[in-house]
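Participant: Enclosed is the structure file upload22.txt (compact mmCIF, C-alpha atoms).
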# COMPACT_ATOMS: atom_id res chain seq x y z
CA MET A 1 8.48 14.89 1.74
CA THR A 2 10.14 16.93 4.50
CA THR A 3 13.19 15.55 6.29
CA GLU A 4 11.19 14.99 9.48
CA LYS A 5 8.49 13.10 7.62
CA SER A 6 11.08 11.00 5.84
CA LEU A 7 12.72 9.96 9.13
CA ILE A 8 9.38 9.04 10.67
CA ASP A 9 8.27 7.21 7.57
CA SER A 10 11.39 5.02 7.81
CA ALA A 11 10.66 4.18 11.43
CA LEU A 12 7.01 3.33 10.73
CA ARG A 13 8.03 1.11 7.84
CA GLY A 14 10.52 -0.67 10.08
CA TRP A 15 7.88 -1.18 12.76
CA LYS A 16 5.33 -2.47 10.28
CA SER A 17 7.66 -4.90 8.60
CA ASN A 18 8.71 -6.36 11.95
CA VAL A 19 5.08 -6.78 13.05
CA GLU A 20 4.32 -8.49 9.76
CA ARG A 21 7.34 -10.76 10.04
CA ALA A 22 6.22 -11.85 13.51
CA GLU A 23 2.74 -12.53 12.24
CA LYS A 24 4.14 -14.67 9.46
CA LEU A 25 6.29 -16.59 11.92
CA PHE A 26 3.54 -17.32 14.43
CA GLY A 27 0.19 -16.73 12.75
CA ASP A 28 -0.20 -19.98 10.84
CA LEU A 29 1.19 -22.44 13.35
CA SER A 30 -0.96 -25.20 14.81
CA ALA A 31 -1.58 -25.50 18.55
CA LYS A 32 1.00 -28.28 18.60
CA GLN A 33 3.60 -26.30 16.69
CA LEU A 34 3.17 -23.39 19.08
CA GLN A 35 4.27 -25.70 21.92
CA GLN A 36 7.68 -26.08 20.31
CA GLU A 37 10.66 -24.58 22.19
CA VAL A 38 12.96 -22.30 20.16
CA ALA A 39 15.95 -24.23 21.52
CA PRO A 40 16.13 -27.04 24.08
CA GLY A 41 14.87 -25.76 27.44
CA LYS A 42 14.11 -22.27 26.11
CA ASN A 43 10.85 -20.40 25.59
CA ARG A 44 8.04 -21.96 23.58
CA LEU A 45 6.77 -20.22 20.47
CA ILE A 46 3.39 -19.50 22.08
CA TYR A 47 5.15 -17.76 24.95
CA LEU A 48 7.20 -15.56 22.64
CA TRP A 49 4.13 -14.64 20.64
CA GLY A 50 2.13 -13.80 23.75
CA HIS A 51 5.10 -11.86 25.09
CA LEU A 52 5.31 -9.74 21.95
CA ALA A 53 1.54 -9.19 21.99
CA ALA A 54 1.65 -8.10 25.66
CA VAL A 55 4.60 -5.74 25.12
CA ASN A 56 2.88 -4.19 22.10
CA ASP A 57 -0.37 -3.88 24.08
CA ARG A 58 1.54 -1.93 26.71
CA LEU A 59 2.50 0.58 24.04
CA LEU A 60 -1.10 1.80 23.85
CA PRO A 61 -0.99 3.68 27.16
CA LEU A 62 2.78 4.26 27.00
CA LEU A 63 2.44 6.23 23.77
CA GLY A 64 -0.76 7.91 24.97
CA ILE A 65 -2.97 6.21 22.38
CA GLY A 66 -5.50 4.62 24.70
CA GLU A 67 -6.20 1.93 27.24
CA ARG A 68 -4.78 -1.55 26.99
CA LEU A 69 -6.80 -4.25 25.28
CA HIS A 70 -5.27 -7.23 27.08
CA PRO A 71 -3.78 -6.41 30.47
CA GLU A 72 -4.46 -10.04 31.45
CA PHE A 73 -1.56 -11.10 29.19
CA ASP A 74 1.06 -9.73 31.58
CA GLY A 75 0.75 -12.51 34.15
CA MET A 76 1.15 -15.18 31.48
CA PHE A 77 3.72 -13.55 29.20
CA ILE A 78 5.69 -10.83 31.00
CA SER A 79 5.86 -11.10 34.77
CA ASN A 80 6.31 -14.88 34.81
CA PRO A 81 8.66 -17.08 32.81
CA ASP A 82 7.37 -19.65 30.35
CA LYS A 83 5.91 -22.89 31.73
CA SER A 84 5.40 -21.43 35.23
CA VAL A 85 1.78 -20.33 34.71
CA GLN A 86 -1.11 -22.10 33.00
CA LEU A 87 -1.92 -20.30 29.74
CA THR A 88 -5.62 -19.46 29.45
CA VAL A 89 -5.33 -18.29 25.86
CA SER A 90 -5.28 -20.44 22.74
CA GLY A 91 -3.23 -19.80 19.61
CA GLN A 92 -6.38 -18.82 17.82
CA SER A 93 -7.51 -16.23 20.37
CA LEU A 94 -3.93 -14.96 20.60
CA LYS A 95 -3.98 -14.34 16.87
CA VAL A 96 -7.17 -12.29 17.15
CA ALA A 97 -5.73 -10.32 20.07
CA TRP A 98 -2.44 -9.78 18.23
CA GLN A 99 -4.24 -8.32 15.24
CA GLU A 100 -6.50 -6.09 17.34
CA ILE A 101 -3.59 -4.74 19.35
CA ASN A 102 -1.45 -3.99 16.33
CA GLN A 103 -4.36 -2.49 14.43
CA LYS A 104 -5.19 -0.09 17.26
CA LEU A 105 -1.52 0.76 17.69
CA TRP A 106 -1.08 1.44 14.01
CA GLU A 107 -4.14 3.73 13.92
CA GLY A 108 -2.54 5.71 16.71
CA ILE A 109 1.08 5.90 15.62
CA SER A 110 0.40 6.54 11.96
CA GLN A 111 -1.32 9.81 13.02
CA PHE A 112 1.52 11.19 15.15
CA SER A 113 3.23 14.35 13.93
CA ALA A 114 7.01 14.75 14.14
CA SER A 115 6.59 16.82 17.26
CA ASP A 116 4.33 14.14 18.82
CA TRP A 117 7.13 11.62 18.27
CA ALA A 118 9.74 13.79 19.93
CA GLN A 119 7.57 14.20 23.05
CA ARG A 120 8.08 12.18 26.23
CA HIS A 121 6.28 8.88 26.66
CA THR A 122 3.82 8.56 29.54
CA ALA A 123 6.15 6.67 31.89
CA VAL A 124 8.60 9.57 32.18
CA SER A 125 7.80 12.74 34.13
CA GLU A 126 8.13 16.21 32.66
CA GLN A 127 11.02 16.87 35.00
CA ASP A 128 12.92 13.69 34.14
CA PHE A 129 12.36 14.31 30.47
CA LYS A 130 14.22 17.60 30.72
CA ARG A 131 17.29 15.74 31.93
CA GLU A 132 16.76 12.73 29.65
CA PRO A 133 15.21 14.01 26.42
CA HIS A 134 15.88 10.70 24.67
CA ARG A 135 13.02 9.09 26.59
CA SER A 136 10.65 10.01 23.79
CA ARG A 137 7.89 8.18 22.00
CA PHE A 138 10.21 7.76 19.06
CA GLY A 139 12.83 6.11 21.24
CA VAL A 140 10.15 3.71 22.47
CA LEU A 141 9.06 2.86 18.92
CA LEU A 142 12.63 2.08 17.85
CA GLY A 143 13.31 0.06 20.99
CA ARG A 144 10.18 -2.02 20.55
CA THR A 145 11.00 -2.59 16.88
CA ALA A 146 14.32 -4.10 17.96
CA HIS A 147 12.45 -6.13 20.58
CA LEU A 148 10.24 -7.62 17.88
CA ALA A 149 13.31 -8.45 15.79
CA TYR A 150 15.14 -10.01 18.75
CA HIS A 151 12.41 -12.56 19.39
CA ALA A 152 11.67 -13.08 15.70
CA GLY A 153 15.26 -14.26 15.35
CA GLN A 154 14.59 -16.83 18.05
CA ALA A 155 11.24 -17.91 16.66
CA ALA A 156 12.78 -18.41 13.22
CA LEU A 157 14.97 -21.17 14.68
CA ALA A 158 11.91 -23.27 15.48
CA ARG A 159 10.00 -22.60 12.31
CA PRO A 160 8.72 -25.90 10.93
CA LYS A 161 10.26 -26.91 7.61
CA VAL A 162 7.88 -26.40 4.70
CA MET B 1 17.22 19.98 20.67
CA THR B 2 15.26 20.30 17.40
CA THR B 3 12.72 17.64 16.47
CA GLU B 4 14.94 16.34 13.68
CA LYS B 5 17.92 16.05 16.00
CA SER B 6 15.83 14.28 18.59
CA LEU B 7 14.64 11.67 16.07
CA ILE B 8 18.18 11.04 14.87
CA ASP B 9 19.55 10.90 18.38
CA SER B 10 17.05 8.13 19.19
CA ALA B 11 18.13 6.12 16.17
CA LEU B 12 21.84 6.52 16.95
CA ARG B 13 21.24 5.45 20.55
CA GLY B 14 19.35 2.40 19.32
CA TRP B 15 22.17 1.50 16.94
CA LYS B 16 24.83 1.93 19.59
CA SER B 17 23.05 -0.11 22.23
CA ASN B 18 22.55 -2.97 19.78
CA VAL B 19 26.22 -2.92 18.76
CA GLU B 20 27.20 -2.95 22.43
CA ARG B 21 24.83 -5.80 23.22
CA ALA B 22 26.33 -7.87 20.41
CA GLU B 23 29.82 -7.13 21.68
CA LYS B 24 28.82 -8.27 25.16
CA LEU B 25 27.30 -11.46 23.77
CA PHE B 26 30.28 -12.45 21.62
CA GLY B 27 33.30 -10.47 22.78
CA ASP B 28 34.37 -12.50 25.77
CA LEU B 29 33.73 -16.01 24.51
CA SER B 30 36.54 -18.53 24.18
CA ALA B 31 37.40 -20.14 20.85
CA LYS B 32 35.57 -23.23 22.04
CA GLN B 33 32.47 -21.34 23.13
CA LEU B 34 32.31 -19.60 19.76
CA GLN B 35 31.93 -23.02 18.12
CA GLN B 36 28.62 -23.55 19.91
CA GLU B 37 25.48 -23.66 17.76
CA VAL B 38 22.61 -21.37 18.82
CA ALA B 39 20.22 -24.34 18.50
CA PRO B 40 20.83 -27.90 17.29
CA GLY B 41 21.93 -27.81 13.64
CA LYS B 42 21.77 -24.00 13.43
CA ASN B 43 24.47 -21.36 12.98
CA ARG B 44 27.46 -21.27 15.30
CA LEU B 45 28.13 -18.20 17.41
CA ILE B 46 31.30 -17.39 15.47
CA TYR B 47 29.34 -17.42 12.23
CA LEU B 48 26.71 -15.03 13.58
CA TRP B 49 29.37 -12.70 14.89
CA GLY B 50 31.27 -12.71 11.60
CA HIS B 51 27.99 -12.23 9.75
CA LEU B 52 27.14 -9.14 11.80
CA ALA B 53 30.67 -7.79 11.34
CA ALA B 54 30.49 -8.30 7.57
CA VAL B 55 27.04 -6.69 7.28
CA ASN B 56 28.19 -3.70 9.33
CA ASP B 57 31.37 -3.46 7.24
CA ARG B 58 29.19 -3.21 4.13
CA LEU B 59 27.52 -0.17 5.63
CA LEU B 60 30.71 1.86 5.14
CA PRO B 61 30.32 2.17 1.35
CA LEU B 62 26.53 1.86 1.47
CA LEU B 63 26.23 4.96 3.64
CA GLY B 64 28.99 6.73 1.72
CA ILE B 65 31.42 6.78 4.64
CA GLY B 66 34.36 5.05 3.03
CA GLU B 67 35.79 1.82 1.74
CA ARG B 68 35.24 -1.50 3.42
CA LEU B 69 37.75 -2.72 5.95
CA HIS B 70 37.08 -6.45 5.56
CA PRO B 71 35.59 -7.43 2.20
CA GLU B 72 37.16 -10.87 2.71
CA PHE B 73 34.48 -11.59 5.36
CA ASP B 74 31.73 -11.95 2.76
CA GLY B 75 32.81 -15.37 1.50
CA MET B 76 32.92 -16.77 5.02
CA PHE B 77 29.94 -15.02 6.58
CA ILE B 78 27.47 -13.80 3.95
CA SER B 79 27.56 -15.59 0.62
CA ASN B 80 28.02 -19.05 2.11
CA PRO B 81 26.16 -20.76 4.94
CA ASP B 82 27.90 -21.76 8.15
CA LYS B 83 30.16 -24.83 8.09
CA SER B 84 30.46 -24.81 4.31
CA VAL B 85 33.69 -22.79 4.15
CA GLN B 86 36.84 -22.97 6.25
CA LEU B 87 37.04 -19.89 8.50
CA THR B 88 40.41 -18.16 8.24
CA VAL B 89 39.69 -15.75 11.08
CA SER B 90 39.98 -16.43 14.81
CA GLY B 91 37.69 -15.12 17.51
CA GLN B 92 40.43 -12.77 18.60
CA SER B 93 41.03 -11.25 15.18
CA LEU B 94 37.26 -11.05 14.65
CA LYS B 95 36.99 -9.01 17.82
CA VAL B 96 39.62 -6.54 16.59
CA ALA B 97 37.89 -6.29 13.20
CA TRP B 98 34.47 -5.86 14.84
CA GLN B 99 35.73 -2.96 16.91
CA GLU B 100 37.50 -1.27 13.98
CA ILE B 101 34.47 -1.57 11.74
CA ASN B 102 32.06 -0.20 14.33
CA GLN B 103 34.43 2.56 15.32
CA LYS B 104 34.81 3.75 11.73
CA LEU B 105 31.07 3.47 11.18
CA TRP B 106 30.31 5.45 14.31
CA GLU B 107 32.72 8.22 13.33
CA GLY B 108 30.83 8.49 10.05
CA ILE B 109 27.23 8.24 11.16
CA SER B 110 27.55 10.43 14.22
CA GLN B 111 28.49 13.31 11.87
CA PHE B 112 25.53 13.01 9.52
CA SER B 113 23.04 15.89 9.44
CA ALA B 114 19.29 15.28 9.29
CA SER B 115 19.37 15.97 5.59
CA ASP B 116 22.28 13.52 5.12
CA TRP B 117 20.14 10.82 6.76
CA ALA B 118 17.17 11.45 4.50
CA GLN B 119 19.34 11.10 1.36
CA ARG B 120 19.49 7.93 -0.70
CA HIS B 121 22.04 5.25 0.11
CA THR B 122 24.64 4.40 -2.51
CA ALA B 123 22.95 1.24 -3.80
CA VAL B 124 19.92 3.10 -5.12
CA SER B 125 20.02 5.32 -8.20
CA GLU B 126 18.81 8.90 -8.21
CA GLN B 127 15.96 7.89 -10.48
CA ASP B 128 14.81 4.96 -8.34
CA PHE B 129 15.02 7.10 -5.24
CA LYS B 130 12.46 9.49 -6.67
CA ARG B 131 9.99 6.63 -6.90
CA GLU B 132 11.10 4.99 -3.63
CA PRO B 133 12.13 7.77 -1.25
CA HIS B 134 12.17 5.38 1.70
CA ARG B 135 15.43 3.86 0.45
CA SER B 136 17.36 6.36 2.52
CA ARG B 137 20.40 6.11 4.74
CA PHE B 138 18.09 6.37 7.72
CA GLY B 139 16.06 3.40 6.52
CA VAL B 140 19.29 1.43 6.22
CA LEU B 141 20.36 2.35 9.74
CA LEU B 142 17.04 1.23 11.22
CA GLY B 143 17.02 -1.96 9.17
CA ARG B 144 20.52 -2.89 10.26
CA THR B 145 19.69 -2.13 13.88
CA ALA B 146 16.86 -4.67 13.67
CA HIS B 147 19.29 -7.07 11.97
CA LEU B 148 21.66 -6.80 14.93
CA ALA B 149 18.76 -7.43 17.33
CA TYR B 150 17.50 -10.42 15.32
CA HIS B 151 20.79 -12.29 15.62
CA ALA B 152 21.44 -11.11 19.18
CA GLY B 153 18.22 -12.87 20.15
CA GLN B 154 19.62 -16.07 18.65
CA ALA B 155 23.05 -15.69 20.20
CA ALA B 156 21.50 -15.12 23.63
CA LEU B 157 20.10 -18.66 23.50
CA ALA B 158 23.60 -20.13 23.44
CA ARG B 159 25.16 -17.81 25.98
CA PRO B 160 27.09 -19.87 28.49
CA LYS B 161 25.69 -19.81 32.00
CA VAL B 162 27.77 -17.63 34.33
Starting from the coordinates I provided, produce the structure as structure tokens.
Facilitator:
Amino acid sequence: MTTEKSLIDSALRGWKSNVERAEKLFGDLSAKQLQQEVAPGKNRLIYLWGHLAAVNDRLLPLLGIGERLHPEFDGMFISNPDKSVQLTVSGQSLKVAWQEINQKLWEGISQFSASDWAQRHTAVSEQDFKREPHRSRFGVLLGRTAHLAYHAGQAALARPKV
Amino acid sequence: MTTEKSLIDSALRGWKSNVERAEKLFGDLSAKQLQQEVAPGKNRLIYLWGHLAAVNDRLLPLLGIGERLHPEFDGMFISNPDKSVQLTVSGQSLKVAWQEINQKLWEGISQFSASDWAQRHTAVSEQDFKREPHRSRFGVLLGRTAHLAYHAGQAALARPKV
């Protein structure tokens, strides 16, 4: 394996394991369990899950893979705080959406070459990228991996005891 | 910038921003605030901070940078759960240790070449590394970045309102 490939392989493994951890944390919870707040007065589990799904969905155009699958998630899970908007998605349909989003994402990112990864993401202009070459697809992948971990840490606090 | 350098630069930026976020979350809290649990019955802030410091300290030998600065942290913050052992470190001394550990780590990792990053870490044998080439220093860096983010998400729940 070349050095470049080895570095990218590590990042893809990190991404995958964080997606899988989130799925384990949220995927088997009942509708009632998903209503649980991670700490008193804080976000509910269903909100965190929808938030992660929406942020991952946004990666599809950001990384140049394709169109979003669920732009309707933004109003419920990104642009408004929890409990301020009626959720029109159930835990079950969220699980299906989560899997579709991450499947499509994985099909895209697992094909990228090293040079694809070092390219700019679609929200930065060619000109800005010259000044700020760290605004690459790879930087986005690592940032979103940390984002998954950040909220997984919160969700783990509310995990029902087995 | 070469592709390899760009990938590594992204990972170092991700590491640094997660270390800085943790320092912002914990660094200015009073002794009393550090006693706060992140959720009812869960870890206290001081435990999470010590835990992150201890895990980062372990990176020094794991990445082949040098000896640990604070092996005495393990008993308080890794091998035993919170509230089971008397802490012999104050918030103030933890802050000094945190900064020394992360400074020494940064001096080491910011010098690594791409090929250094793709090498095995010190807890995997040469033989095992042939079978499992993902057990590299770079994999460790990314994993520990996610570890910082995971607990930062928890600590953020207990952050005192400004």
Participant: Under the rule that only C-alpha atoms are counted, which of A:Ala155, A:Ala22, A:Ala53, A:Ala39 is the nearest residue to chain B?
Facilitator: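 For chain B, the nearest of the candidates is A:Ala39.
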Participant: Name all residues at most 10 Å from B:Leu45 (count all atoms listed in the file; drop same-chain ones fewer than 5 positions away) and give them as a list of chain:residue names.
Facilitator: B:Leu25, B:Phe26, B:Leu29, B:Gln33, B:Leu34, B:Gln35, B:Gln36, B:Glu37, B:Val38, B:Gly50, B:His51, B:Asp82, B:His151, B:Ala152, B:Gln154, B:Ala155, B:Ala156, B:Ala158, B:Arg159
Participant: Tell me, as a PyMOL selection string, which residues lie within 9 Å of stretch 122-135 of chain B, counting all atoms listed in the file; anything in the same chain fewer than 3 positions away does not count.
Facilitator: (chain A and resi 1+6-7+9-10+13) or (chain B and resi 61-64+118-119+138-140)
Participant: Any idea what the distance is between atom CA of A:Ser110 and atom CA of A:Ala11?
Facilitator: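 That distance, rounded to one decimal, is 10.5 Å.
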Participant: Find the residues around B:Ser90 up to 9 Å (only C-alpha atoms counted), leave out those fewer than 4 positions away in its own chain, and share them as number ranges by chain.
Facilitator: B: 31, 46, 94-95
Participant: Report, in Å with one decimal, the straight-line distance from atom CA of B:Asp57 to atom CA of B:Asp74.
Facilitator: 9.6 Å
Participant: What is the distance, in Å and to one decimal place, between atom CA of A:Gly14 and atom CA of B:Gly143?
Facilitator: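 Computed distance, atom CA of A:Gly14 to atom CA of B:Gly143, equals 6.7 Å.
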Participant: When you look at B:Trp15 with a cut-off of 8 Å (counting only C-alpha atoms), what residues show up, excluding the ones that are within fewer than 2 positions of it in the same chain? I need them as a PyMOL selection string.
Facilitator: chain B and resi 11-13+17-19+141-142+145
Participant: So, counting all atoms listed in the file, which residue among A:Lys24, A:Ser115, A:Pro160, A:Ala97 is closest to chain B?
Facilitator: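 So, comparing all the options, the nearest one is A:Ser115.
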